[in-house]
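> Structure: my_file.cif, mmCIF, C-alpha atoms and all ligand atoms.
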data_my_file
#
loop_
_atom_site.label_atom_id
_atom_site.label_comp_id
_atom_site.auth_asym_id
_atom_site.auth_seq_id
_atom_site.Cartn_x
_atom_site.Cartn_y
_atom_site.Cartn_z
CA MET A 157 0.00 0.00 0.00
CA ALA A 158 1.19 3.56 -0.74
CA THR A 159 2.44 5.40 2.35
CA THR A 160 0.21 8.26 3.45
CA THR A 161 2.94 10.79 2.63
CA SER A 162 2.91 9.68 -1.03
CA LEU A 163 -0.89 9.95 -1.35
CA ARG A 164 -1.90 12.01 -4.35
CA ILE A 165 -4.63 12.28 -6.92
CA LEU A 166 -3.80 9.99 -9.84
CA THR A 167 -4.21 10.58 -13.56
CA ALA A 168 -5.64 7.88 -15.86
CA GLU A 169 -2.10 7.25 -17.06
CA ASP A 170 -0.88 6.80 -13.45
CA VAL A 171 -3.64 4.23 -12.90
CA VAL A 172 -2.65 2.13 -15.91
CA THR A 173 1.02 2.31 -14.88
CA GLN A 174 0.08 1.20 -11.38
CA LEU A 175 -2.11 -1.66 -12.65
CA ARG A 176 0.82 -2.86 -14.79
CA ALA A 177 3.14 -2.66 -11.74
CA VAL A 178 0.70 -4.76 -9.69
CA ARG A 179 0.65 -7.40 -12.44
CA ALA A 180 4.45 -7.34 -12.70
CA ARG A 181 4.65 -8.14 -8.96
CA GLN A 182 1.86 -10.68 -9.15
CA PRO A 183 2.00 -12.28 -12.59
CA VAL A 184 -1.11 -14.13 -13.73
CA ARG A 185 -1.76 -16.27 -16.75
CA PHE A 186 -5.10 -14.81 -17.79
CA SER A 187 -5.00 -14.79 -21.58
CA ALA A 188 -8.19 -12.90 -22.53
CA PHE A 189 -10.99 -11.09 -20.73
CA TYR A 190 -14.29 -9.82 -22.05
CA SER A 191 -16.16 -7.17 -20.10
CA SER A 192 -19.49 -5.66 -21.02
CA GLN A 193 -18.37 -2.65 -18.94
CA LEU A 194 -15.24 -2.20 -21.09
CA GLY A 195 -17.25 -3.03 -24.22
CA GLY A 196 -14.84 -5.62 -25.62
CA ILE A 197 -11.97 -8.06 -25.07
CA VAL A 198 -8.60 -7.22 -23.50
CA THR A 199 -5.51 -9.42 -23.46
CA ASP A 200 -3.35 -7.23 -21.19
CA PRO A 201 -3.97 -8.61 -17.66
CA ALA A 202 -3.51 -5.11 -16.21
CA LEU A 203 -6.73 -4.07 -17.94
CA MET A 204 -8.81 -7.03 -16.67
CA VAL A 205 -10.69 -4.93 -14.12
CA ILE A 206 -14.22 -4.45 -12.80
CA LEU A 207 -15.92 -1.38 -11.29
CA PHE A 208 -15.53 -1.52 -7.48
CA ASP A 209 -19.15 -0.53 -6.83
CA ASP A 210 -20.55 -3.39 -8.89
CA HIS A 211 -23.06 -5.10 -6.61
CA MET A 212 -21.22 -8.39 -7.29
CA VAL A 213 -18.08 -6.97 -5.62
CA HIS A 214 -19.50 -5.43 -2.45
CA ARG A 215 -22.64 -7.53 -1.81
CA GLY A 216 -21.87 -10.77 -3.64
CA HIS A 217 -24.81 -10.23 -5.99
CA GLY A 218 -23.42 -12.11 -8.95
CA ILE A 219 -23.22 -15.59 -10.39
CA PHE A 220 -20.63 -17.52 -12.38
CA ASP A 221 -19.85 -20.78 -14.09
CA THR A 222 -16.77 -22.49 -15.51
CA ALA A 223 -16.38 -24.63 -18.61
CA ALA A 224 -13.30 -26.41 -19.94
CA ILE A 225 -11.37 -25.88 -23.18
CA VAL A 226 -10.10 -29.26 -24.34
CA ASN A 227 -8.01 -29.69 -27.46
CA GLY A 228 -9.27 -26.43 -28.94
CA LYS A 229 -12.98 -27.14 -28.29
CA ILE A 230 -15.28 -26.05 -25.47
CA TYR A 231 -16.71 -29.04 -23.61
CA ASP A 232 -20.37 -29.19 -22.53
CA LEU A 233 -20.92 -25.41 -22.77
CA GLY A 234 -24.68 -25.97 -23.22
CA ALA A 235 -25.04 -27.65 -19.80
CA HIS A 236 -22.92 -24.99 -18.10
CA LEU A 237 -24.94 -22.18 -19.74
CA ASP A 238 -28.23 -23.79 -18.64
CA ARG A 239 -27.00 -23.82 -15.03
CA PHE A 240 -25.66 -20.25 -15.42
CA ILE A 241 -29.06 -18.98 -16.54
CA ARG A 242 -30.80 -20.90 -13.74
CA SER A 243 -28.42 -19.35 -11.20
CA ALA A 244 -29.19 -15.87 -12.59
CA ASP A 245 -32.89 -16.57 -12.21
CA TYR A 246 -32.56 -17.77 -8.58
CA SER A 247 -30.51 -14.63 -7.83
CA LYS A 248 -33.00 -12.23 -9.46
CA LEU A 249 -30.30 -11.11 -11.87
CA ARG A 250 -31.34 -9.62 -15.19
CA LEU A 251 -29.57 -11.30 -18.11
CA PRO A 252 -27.14 -8.86 -19.74
CA ALA A 253 -27.77 -10.44 -23.16
CA SER A 254 -29.54 -13.40 -24.74
CA ARG A 255 -28.23 -16.92 -24.21
CA GLU A 256 -27.07 -16.99 -27.87
CA GLN A 257 -25.21 -13.68 -27.50
CA MET A 258 -23.47 -14.85 -24.30
CA HIS A 259 -22.54 -18.11 -26.05
CA GLU A 260 -21.05 -16.12 -28.94
CA VAL A 261 -19.04 -13.84 -26.60
CA ILE A 262 -17.67 -16.88 -24.72
CA VAL A 263 -16.59 -18.54 -27.97
CA ARG A 264 -15.04 -15.34 -29.38
CA THR A 265 -13.16 -14.56 -26.14
CA THR A 266 -11.79 -18.11 -26.19
CA ALA A 267 -10.67 -17.61 -29.79
CA ALA A 268 -8.97 -14.31 -28.87
CA SER A 269 -7.06 -16.05 -26.07
CA GLY A 270 -5.46 -18.59 -28.40
CA SER A 271 -5.78 -21.13 -25.54
CA ARG A 272 -6.42 -24.67 -26.71
CA ASP A 273 -6.54 -26.17 -23.22
CA GLY A 274 -7.69 -24.41 -20.09
CA SER A 275 -10.77 -22.94 -18.48
CA ILE A 276 -13.39 -20.31 -19.22
CA ARG A 277 -15.03 -18.62 -16.25
CA TYR A 278 -17.87 -16.20 -16.83
CA TRP A 279 -19.97 -14.04 -14.55
CA ILE A 280 -23.17 -12.03 -14.55
CA SER A 281 -23.10 -9.14 -12.10
CA SER A 282 -25.93 -6.99 -10.94
CA GLY A 283 -24.01 -3.89 -11.97
CA PRO A 284 -22.55 -0.68 -10.49
CA GLY A 285 -24.17 2.55 -9.34
CA SER A 286 -24.45 2.54 -5.54
CA LEU A 287 -23.33 0.88 -2.33
CA GLU A 288 -26.88 -0.01 -1.30
CA LEU A 289 -28.24 -3.44 -0.48
CA THR A 290 -30.60 -3.65 -3.41
CA PRO A 291 -29.19 -3.05 -6.90
CA ALA A 292 -28.72 0.60 -7.90
CA ALA A 293 -31.63 2.13 -9.80
CA GLY A 294 -31.13 1.48 -13.50
CA ALA A 295 -28.04 -0.67 -12.86
CA GLU A 296 -26.81 -2.35 -16.04
CA PRO A 297 -26.05 -6.04 -15.44
CA GLY A 298 -22.45 -6.90 -16.29
CA PHE A 299 -21.12 -9.86 -18.26
CA PHE A 300 -17.49 -10.94 -17.89
CA VAL A 301 -15.55 -13.83 -19.43
CA MET A 302 -12.05 -14.84 -18.33
CA ILE A 303 -9.82 -17.38 -20.10
CA PHE A 304 -7.17 -18.93 -17.84
CA PRO A 305 -5.12 -22.12 -17.61
CA GLY A 306 -7.52 -23.81 -15.19
CA LEU A 307 -6.99 -24.96 -11.62
CA ALA A 308 -3.95 -27.19 -11.21
CA TYR A 309 -4.17 -30.15 -8.86
CA PRO A 310 -1.26 -32.36 -7.76
CA GLU A 311 -0.66 -35.52 -9.76
CA ARG A 312 -0.52 -37.51 -6.50
CA TRP A 313 -4.28 -36.93 -6.03
CA TYR A 314 -4.79 -39.29 -8.97
CA THR A 315 -1.92 -41.71 -8.37
CA ASP A 316 -2.08 -42.04 -4.56
CA GLY A 317 -5.56 -40.69 -3.80
CA MET A 318 -6.79 -37.74 -1.74
CA LYS A 319 -7.36 -37.23 1.97
CA VAL A 320 -10.47 -35.34 3.06
CA ILE A 321 -12.10 -34.25 6.30
CA THR A 322 -15.67 -33.52 7.29
CA THR A 323 -15.76 -29.76 7.59
CA THR A 324 -16.89 -28.01 10.75
CA TYR A 325 -18.45 -25.28 8.56
CA PRO A 326 -22.19 -25.58 7.96
CA ILE A 327 -23.46 -26.56 4.52
CA LYS A 328 -25.23 -23.83 2.53
CA PRO A 329 -29.03 -23.86 2.74
CA ALA A 330 -30.50 -25.48 -0.39
CA LEU A 331 -31.30 -22.32 -2.38
CA TYR A 332 -27.73 -21.00 -2.00
CA ALA A 333 -26.19 -24.40 -2.70
CA ILE A 334 -28.04 -24.93 -6.00
CA THR A 335 -27.18 -21.38 -7.11
CA LYS A 336 -23.64 -20.88 -8.37
CA SER A 337 -23.32 -17.43 -6.85
CA THR A 338 -20.14 -15.54 -6.05
CA ASN A 339 -20.72 -16.30 -2.34
CA TYR A 340 -18.18 -19.07 -1.81
CA LEU A 341 -17.18 -18.19 1.77
CA PRO A 342 -18.19 -21.61 3.24
CA ASN A 343 -16.39 -23.37 0.38
CA VAL A 344 -13.24 -21.28 0.85
CA LEU A 345 -13.22 -21.76 4.63
CA MET A 346 -13.75 -25.50 4.22
CA GLN A 347 -10.79 -25.84 1.88
CA MET A 348 -8.57 -23.74 4.17
CA GLU A 349 -9.62 -25.83 7.16
CA ALA A 350 -8.78 -29.05 5.29
CA LYS A 351 -5.35 -27.74 4.29
CA GLU A 352 -4.64 -26.61 7.86
CA ALA A 353 -5.48 -30.17 8.96
CA GLY A 354 -2.93 -31.53 6.44
CA CYS A 355 -5.69 -32.81 4.11
CA ASP A 356 -6.60 -32.03 0.52
CA ASN A 357 -10.23 -30.99 0.83
CA GLY A 358 -13.38 -31.12 2.94
CA VAL A 359 -16.89 -32.52 2.72
CA PHE A 360 -20.10 -30.77 3.76
CA ILE A 361 -22.64 -32.87 5.66
CA ASP A 362 -26.25 -31.70 5.94
CA ALA A 363 -28.33 -31.36 9.10
CA ASP A 364 -29.82 -34.85 8.58
CA GLY A 365 -26.37 -36.46 8.44
CA HIS A 366 -26.38 -36.90 4.64
CA VAL A 367 -23.30 -36.39 2.52
CA GLY A 368 -23.42 -33.08 0.62
CA GLU A 369 -20.55 -31.97 -1.58
CA SER A 370 -17.00 -30.69 -1.50
CA SER A 371 -15.57 -27.18 -2.09
CA ASN A 372 -15.89 -26.96 -5.87
CA MET A 373 -16.58 -30.60 -6.54
CA ASN A 374 -19.27 -33.18 -6.00
CA VAL A 375 -18.75 -36.34 -3.96
CA ALA A 376 -19.76 -39.85 -5.08
CA PHE A 377 -19.19 -43.40 -3.87
CA VAL A 378 -19.00 -47.01 -4.94
CA THR A 379 -20.83 -48.85 -2.19
CA ALA A 380 -19.73 -52.17 -0.72
CA ASP A 381 -22.21 -53.93 -3.06
CA GLY A 382 -20.82 -52.13 -6.11
CA ILE A 383 -23.40 -49.38 -6.74
CA PHE A 384 -22.14 -46.06 -8.08
CA ARG A 385 -24.03 -43.72 -5.74
CA HIS A 386 -24.40 -39.98 -5.88
CA PRO A 387 -26.26 -37.68 -3.45
CA ARG A 388 -29.47 -36.07 -4.76
CA PHE A 389 -29.02 -32.65 -6.33
CA ASP A 390 -31.66 -30.65 -4.48
CA GLN A 391 -29.35 -29.41 -1.69
CA ILE A 392 -26.06 -29.29 -3.58
CA LEU A 393 -24.86 -27.86 -6.88
CA SER A 394 -25.88 -29.99 -9.83
CA GLY A 395 -22.44 -30.66 -11.19
CA CYS A 396 -22.30 -30.90 -14.97
CA THR A 397 -19.52 -33.49 -14.55
CA SER A 398 -21.60 -35.61 -12.19
CA LEU A 399 -24.65 -35.47 -14.46
CA ARG A 400 -22.58 -36.56 -17.44
CA LEU A 401 -20.82 -39.32 -15.47
CA LEU A 402 -24.18 -40.67 -14.31
CA GLU A 403 -25.04 -41.06 -18.01
CA LEU A 404 -21.69 -42.67 -18.85
CA ALA A 405 -21.42 -44.96 -15.80
CA PRO A 406 -23.78 -47.74 -17.03
CA ALA A 407 -21.00 -48.72 -19.47
CA LEU A 408 -19.03 -49.80 -16.39
CA GLN A 409 -21.86 -52.11 -15.38
CA GLN A 410 -21.46 -53.94 -18.68
CA ARG A 411 -17.75 -54.32 -17.85
CA GLY A 412 -18.59 -55.73 -14.40
CA LEU A 413 -16.97 -52.83 -12.54
CA ILE A 414 -20.20 -51.67 -10.87
CA THR A 415 -23.56 -53.32 -10.19
CA GLY A 416 -25.76 -50.25 -10.72
CA VAL A 417 -26.15 -46.48 -10.60
CA ASP A 418 -28.21 -44.66 -7.99
CA VAL A 419 -28.89 -41.03 -7.03
CA SER A 420 -30.25 -40.87 -3.48
CA ASP A 421 -29.54 -39.55 0.01
CA LEU A 422 -26.52 -41.20 1.54
CA THR A 423 -25.81 -41.16 5.27
CA VAL A 424 -22.26 -40.62 6.45
CA ALA A 425 -22.30 -44.06 8.11
CA GLU A 426 -23.27 -45.75 4.81
CA ALA A 427 -20.75 -43.70 2.85
CA ARG A 428 -17.88 -44.66 5.16
CA GLN A 429 -18.43 -48.36 4.30
CA SER A 430 -17.81 -47.64 0.59
CA ARG A 431 -15.24 -49.38 -1.54
CA GLU A 432 -14.45 -46.14 -3.31
CA MET A 433 -15.03 -42.46 -2.73
CA LEU A 434 -14.64 -39.98 -5.57
CA LEU A 435 -14.52 -36.23 -6.10
CA LEU A 436 -16.03 -35.05 -9.40
CA GLY A 437 -15.96 -31.68 -11.14
CA SER A 438 -14.96 -29.76 -14.24
CA SER A 439 -11.55 -28.90 -12.82
CA ILE A 440 -10.66 -32.12 -10.95
CA LYS A 441 -12.54 -34.40 -13.39
CA VAL A 442 -12.52 -37.65 -11.34
CA ALA A 443 -10.16 -38.17 -8.38
CA PRO A 444 -10.13 -40.97 -5.83
CA VAL A 445 -10.35 -40.30 -2.09
CA VAL A 446 -8.50 -42.87 0.02
CA MET A 447 -8.89 -41.38 3.49
CA TRP A 448 -11.78 -39.55 5.14
CA ASP A 449 -11.41 -38.19 8.68
CA GLY A 450 -8.36 -40.44 9.17
CA GLN A 451 -10.33 -43.57 8.21
CA THR A 452 -9.33 -45.58 5.17
CA ILE A 453 -11.81 -45.91 2.29
CA GLY A 454 -11.82 -49.41 0.80
CA ASP A 455 -8.30 -50.80 0.76
CA GLY A 456 -6.78 -47.31 1.02
CA LYS A 457 -5.73 -47.25 -2.63
CA PRO A 458 -7.32 -45.57 -5.67
CA GLY A 459 -9.95 -47.95 -6.99
CA PRO A 460 -10.80 -49.24 -10.48
CA VAL A 461 -14.08 -47.30 -10.83
CA SER A 462 -12.46 -43.91 -10.28
CA LYS A 463 -9.85 -44.76 -12.91
CA ALA A 464 -12.44 -46.06 -15.39
CA LEU A 465 -14.71 -43.02 -14.90
CA LEU A 466 -11.78 -40.66 -15.48
CA GLU A 467 -11.00 -42.48 -18.73
CA LEU A 468 -14.65 -42.33 -19.83
CA LEU A 469 -14.82 -38.60 -19.09
CA GLU A 470 -11.54 -37.81 -20.84
CA GLN A 471 -12.70 -39.75 -23.87
CA ASP A 472 -16.05 -37.92 -23.84
CA MET A 473 -14.17 -34.61 -23.76
CA ARG A 474 -12.37 -35.60 -26.94
CA VAL A 475 -15.06 -37.34 -28.96
CA ALA A 476 -18.60 -36.33 -27.85
CA ARG A 477 -19.33 -34.25 -30.98
CA ASP A 478 -22.71 -33.06 -29.66
CA ARG A 479 -20.98 -31.65 -26.56
CA LEU A 480 -17.99 -29.98 -28.22
CA VAL A 481 -18.17 -26.39 -29.44
CA ASP A 482 -15.75 -25.32 -32.19
CA VAL A 483 -13.64 -22.23 -31.58
CA PRO A 484 -12.68 -20.02 -34.57
CA TYR A 485 -9.06 -19.37 -33.50
C1 LIG B 501 -19.90 -26.24 -4.90
C2 LIG B 501 -19.66 -27.03 -6.14
N1 LIG B 501 -20.11 -28.29 -6.23
C3 LIG B 501 -19.89 -29.04 -7.34
C4 LIG B 501 -19.20 -28.54 -8.42
C5 LIG B 501 -18.97 -29.40 -9.64
O1 LIG B 501 -19.64 -28.87 -10.76
P1 LIG B 501 -19.11 -29.09 -12.24
O2 LIG B 501 -19.00 -30.55 -12.45
O3 LIG B 501 -20.15 -28.48 -13.11
O4 LIG B 501 -17.79 -28.43 -12.34
C6 LIG B 501 -18.71 -27.23 -8.38
C7 LIG B 501 -17.98 -26.65 -9.51
O5 LIG B 501 -18.50 -25.93 -10.28
C8 LIG B 501 -18.95 -26.45 -7.22
O6 LIG B 501 -18.50 -25.19 -7.14
#
Can the structure in the file be given as structure tokens, please?
Ligand SMILES: Cc1ncc(COP(=O)(O)O)c(C=O)c1O


Amino acid sequence: MATTTSLRILTAEDVVTQLRAVRARQPVRFSAFYSSQLGGIVTDPALMVILFDDHMVHRGHGIFDTAAIVNGKIYDLGAHLDRFIRSADYSKLRLPASREQMHEVIVRTTAASGSRDGSIRYWISSGPGSLELTPAAGAEPGFFVMIFPGLAYPERWYTDGMKVITTTYPIKPALYAITKSTNYLPNVLMQMEAKEAGCDNGVFIDADGHVGESSNMNVAFVTADGIFRHPRFDQILSGCTSLRLLELAPALQQRGLITGVDVSDLTVAEARQSREMLLLGSSIKVAPVVMWDGQTIGDGKPGPVSKALLELLEQDMRVARDRLVDVPY
């Protein structure tokens, strides 16, 4: 922070110089950013900024979603946009543009980034204009798209398996859990708590003792009798990865790896008896959990179903023509 003796009124040029200096100290690998407030795409990370009085910044009145760029195509953008629009609706956010226009902006920002593998995160904000609790009168909703390399997870999560804890932080009430809003405080605190405990992530449990979800991932199990089980989606985020894996998983039944697929409430006691525990999401894809609250899951090694589901998902990301969007690089 500037010392109080150096405080002065800045020119626009000073601000840009300062933003560049911040980026030089804290380099990021954001390759392109669209902002409806800027009216276009920027590739200089110093210019990837948002108005401070946007309701999304100071009251958390905004929503987001993230889709993956795989081999120069965008995977499952339709499912992510459906959830994005649902989240906007639950949050009483006006859409800044039509679904088709937002789709087009996402594709064109991806093309401008040149990135052939990575992530696209996009937001709708309620807009700037005041510091009130309700949106400012006449506030223009904002639309932002960021292209970045994606979250990086350690290779050992896949080779050796992950360790998780049950978080002490309460799960979000259903409405806030099914809405992908910019309020991720419980998720952030859970992940910090897990790391402080020497673990990789946490799991939310609901008031009835049912398994919820993880920080930015869903949780699923292979029960002792071989069923691929996933919690119901009415109190947790409906993960696009989970929904797709539930469609792909029956192929594993034909291969004798599972005995069925089921989406239902799962008590912690039942879940702890599982052969396999898995974390699922767009960034992690499919990763095995081998220890939960210091107790071993199955034989304490990554299991065959987690490996097979990861292969099915990676194949789907390459070949599912109806789920791949071309990018005009
Ligand atoms: C809280 C939460 N649960 C689950 C998921 C998994 O969703 P997806 O598979 O669409 O990435 C995410 C990630 O978006 C999340 O933030």

> For Tyr278 (chain A), find every residue with an atom within 10 Å (counting only C-alpha atoms), except residues of its own chain fewer than 5 positions away, and show them as a ChimeraX atom specification.

/A:189-191,219-223,237,240,258,262,299-303

> Write out as a list of chain:residue names each polymer residue (protein, DNA or RNA) that has an atom no more than 6 Å from ligand LIG 501 (chain B), with only C-alpha atoms and all ligand atoms counted.

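Taking only C-alpha atoms and all ligand atoms into account, the residues around ligand LIG 501 (chain B) at most 6 Å away are A:Glu369, A:Ser371, A:Asn372, A:Met373, A:Asn374, A:Leu393, A:Gly395, A:Cys396, A:Thr397, A:Ser398, A:Gly437, A:Ser438.
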
> So which residues touch Ile321 (chain A) within 9 Å, counting all atoms listed in the file, skipping near sequence neighbours fewer than 4 positions away, as a list of chain:residue names?

A:Glu349, A:Ala350, A:Ala353, A:Cys355, A:Asp356, A:Asn357, A:Gly358, A:Val359, A:Met447, A:Trp448, A:Asp449, A:Gly450

> Would you work out the distance separating CA of Pro326 (chain A) from CA of Asp362 (chain A), expressed in Å to one decimal?

7.6 Å

> Write out as a list of chain:residue names the residues lying within 8 Å of Gly270 (chain A), counting all atoms listed in the file and excluding same-chain residues fewer than 2 positions away.

A:Ser187, A:Thr266, A:Ala267, A:Ala268, A:Arg272, A:Tyr485

> Given the selection you just returned, output its residues as a file containing C-alpha atoms, formatted as a PDB file, in the frame of the given file.


ATOM      1  CA  SER A 187      -5.000 -14.790 -21.580  1.00  0.00           C
ATOM      2  CA  THR A 266     -11.790 -18.110 -26.190  1.00  0.00           C
ATOM      3  CA  ALA A 267     -10.670 -17.610 -29.790  1.00  0.00           C
ATOM      4  CA  ALA A 268      -8.970 -14.310 -28.870  1.00  0.00           C
ATOM      5  CA  ARG A 272      -6.420 -24.670 -26.710  1.00  0.00           C
ATOM      6  CA  TYR A 485      -9.060 -19.370 -33.500  1.00  0.00           C
TER       7      TYR A 485
END

> Considering all atoms listed in the file, return as a PyMOL selection string whatever protein or nucleic-acid residues lie within 12 Å of Leu249 (chain A), sequence-local ones (same chain, fewer than 4 positions apart) excluded.

chain A and resi 211-212+216-220+240-245+253+279-283+290-291+295-299+335+337

> Excluding Lys328 (chain A) and residues on its chain fewer than 6 positions from it, collect all residues at most 12 Å away from it, counting all atoms listed in the file, and give them as JSON, numbers by chain.

{"A": [334, 335, 336, 337, 339, 340, 341, 342, 343, 346, 360, 361, 362, 363, 368, 369, 370, 371, 390, 391, 392, 393]}

> Smallest atom-to-atom distance to Thr265 (chain A): which of A:Arg215, A:Arg277, A:Arg474, A:Arg312, using only C-alpha atoms?

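Using only C-alpha atoms, Thr265 (chain A) sits closest to A:Arg277.
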
> For region 215-239 of chain A, supply N, CA and C atoms and report the output as an mmCIF file, in the frame of the given file.


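The result, stored in selection_26.cif:
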data_model
loop_
_atom_site.group_PDB
_atom_site.id
_atom_site.type_symbol
_atom_site.label_atom_id
_atom_site.label_comp_id
_atom_site.auth_asym_id
_atom_site.auth_seq_id
_atom_site.Cartn_x
_atom_site.Cartn_y
_atom_site.Cartn_z
ATOM 1 N N ARG A 215 -21.559 -6.799 -2.483
ATOM 2 C CA ARG A 215 -22.640 -7.530 -1.810
ATOM 3 C C ARG A 215 -22.723 -8.987 -2.260
ATOM 4 N N GLY A 216 -21.842 -9.381 -3.168
ATOM 5 C CA GLY A 216 -21.870 -10.770 -3.640
ATOM 6 C C GLY A 216 -23.076 -11.066 -4.520
ATOM 7 N N HIS A 217 -23.629 -10.013 -5.156
ATOM 8 C CA HIS A 217 -24.810 -10.230 -5.990
ATOM 9 C C HIS A 217 -24.350 -10.497 -7.433
ATOM 10 N N GLY A 218 -23.898 -11.719 -7.632
ATOM 11 C CA GLY A 218 -23.420 -12.110 -8.950
ATOM 12 C C GLY A 218 -23.378 -13.625 -9.018
ATOM 13 N N ILE A 219 -23.300 -14.134 -10.212
ATOM 14 C CA ILE A 219 -23.220 -15.590 -10.390
ATOM 15 C C ILE A 219 -22.132 -15.895 -11.412
ATOM 16 N N PHE A 220 -21.696 -17.154 -11.430
ATOM 17 C CA PHE A 220 -20.630 -17.520 -12.380
ATOM 18 C C PHE A 220 -20.758 -18.976 -12.771
ATOM 19 N N ASP A 221 -19.962 -19.363 -13.722
ATOM 20 C CA ASP A 221 -19.850 -20.780 -14.090
ATOM 21 C C ASP A 221 -18.493 -20.963 -14.777
ATOM 22 N N THR A 222 -18.088 -22.199 -14.919
ATOM 23 C CA THR A 222 -16.770 -22.490 -15.510
ATOM 24 C C THR A 222 -16.902 -23.671 -16.458
ATOM 25 N N ALA A 223 -16.389 -23.507 -17.662
ATOM 26 C CA ALA A 223 -16.380 -24.630 -18.610
ATOM 27 C C ALA A 223 -14.931 -24.865 -19.060
ATOM 28 N N ALA A 224 -14.684 -26.050 -19.579
ATOM 29 C CA ALA A 224 -13.300 -26.410 -19.940
ATOM 30 C C ALA A 224 -13.069 -26.275 -21.448
ATOM 31 N N ILE A 225 -11.823 -25.866 -21.779
ATOM 32 C CA ILE A 225 -11.370 -25.880 -23.180
ATOM 33 C C ILE A 225 -10.477 -27.114 -23.300
ATOM 34 N N VAL A 226 -10.853 -28.009 -24.200
ATOM 35 C CA VAL A 226 -10.100 -29.260 -24.340
ATOM 36 C C VAL A 226 -9.735 -29.423 -25.812
ATOM 37 N N ASN A 227 -8.433 -29.453 -26.080
ATOM 38 C CA ASN A 227 -8.010 -29.690 -27.460
ATOM 39 C C ASN A 227 -8.614 -28.699 -28.442
ATOM 40 N N GLY A 228 -8.745 -27.453 -28.043
ATOM 41 C CA GLY A 228 -9.270 -26.430 -28.940
ATOM 42 C C GLY A 228 -10.780 -26.437 -29.114
ATOM 43 N N LYS A 229 -11.503 -27.160 -28.250
ATOM 44 C CA LYS A 229 -12.980 -27.140 -28.290
ATOM 45 C C LYS A 229 -13.484 -26.836 -26.887
ATOM 46 N N ILE A 230 -14.687 -26.294 -26.797
ATOM 47 C CA ILE A 230 -15.280 -26.050 -25.470
ATOM 48 C C ILE A 230 -16.203 -27.216 -25.155
ATOM 49 N N TYR A 231 -15.976 -27.822 -23.984
ATOM 50 C CA TYR A 231 -16.710 -29.040 -23.610
ATOM 51 C C TYR A 231 -17.974 -28.701 -22.820
ATOM 52 N N ASP A 232 -19.099 -29.226 -23.268
ATOM 53 C CA ASP A 232 -20.370 -29.190 -22.530
ATOM 54 C C ASP A 232 -20.836 -27.769 -22.175
ATOM 55 N N LEU A 233 -20.552 -26.805 -23.065
ATOM 56 C CA LEU A 233 -20.920 -25.410 -22.770
ATOM 57 C C LEU A 233 -22.429 -25.268 -22.573
ATOM 58 N N GLY A 234 -23.210 -26.056 -23.326
ATOM 59 C CA GLY A 234 -24.680 -25.970 -23.220
ATOM 60 C C GLY A 234 -25.144 -26.243 -21.795
ATOM 61 N N ALA A 235 -24.628 -27.302 -21.174
ATOM 62 C CA ALA A 235 -25.040 -27.650 -19.800
ATOM 63 C C ALA A 235 -24.613 -26.567 -18.825
ATOM 64 N N HIS A 236 -23.401 -26.035 -19.010
ATOM 65 C CA HIS A 236 -22.920 -24.990 -18.100
ATOM 66 C C HIS A 236 -23.731 -23.699 -18.264
ATOM 67 N N LEU A 237 -24.135 -23.394 -19.523
ATOM 68 C CA LEU A 237 -24.940 -22.180 -19.740
ATOM 69 C C LEU A 237 -26.343 -22.335 -19.172
ATOM 70 N N ASP A 238 -26.894 -23.555 -19.242
ATOM 71 C CA ASP A 238 -28.230 -23.790 -18.640
ATOM 72 C C ASP A 238 -28.173 -23.495 -17.149
ATOM 73 N N ARG A 239 -27.130 -24.023 -16.478
ATOM 74 C CA ARG A 239 -27.000 -23.820 -15.030
ATOM 75 C C ARG A 239 -26.758 -22.335 -14.721
#
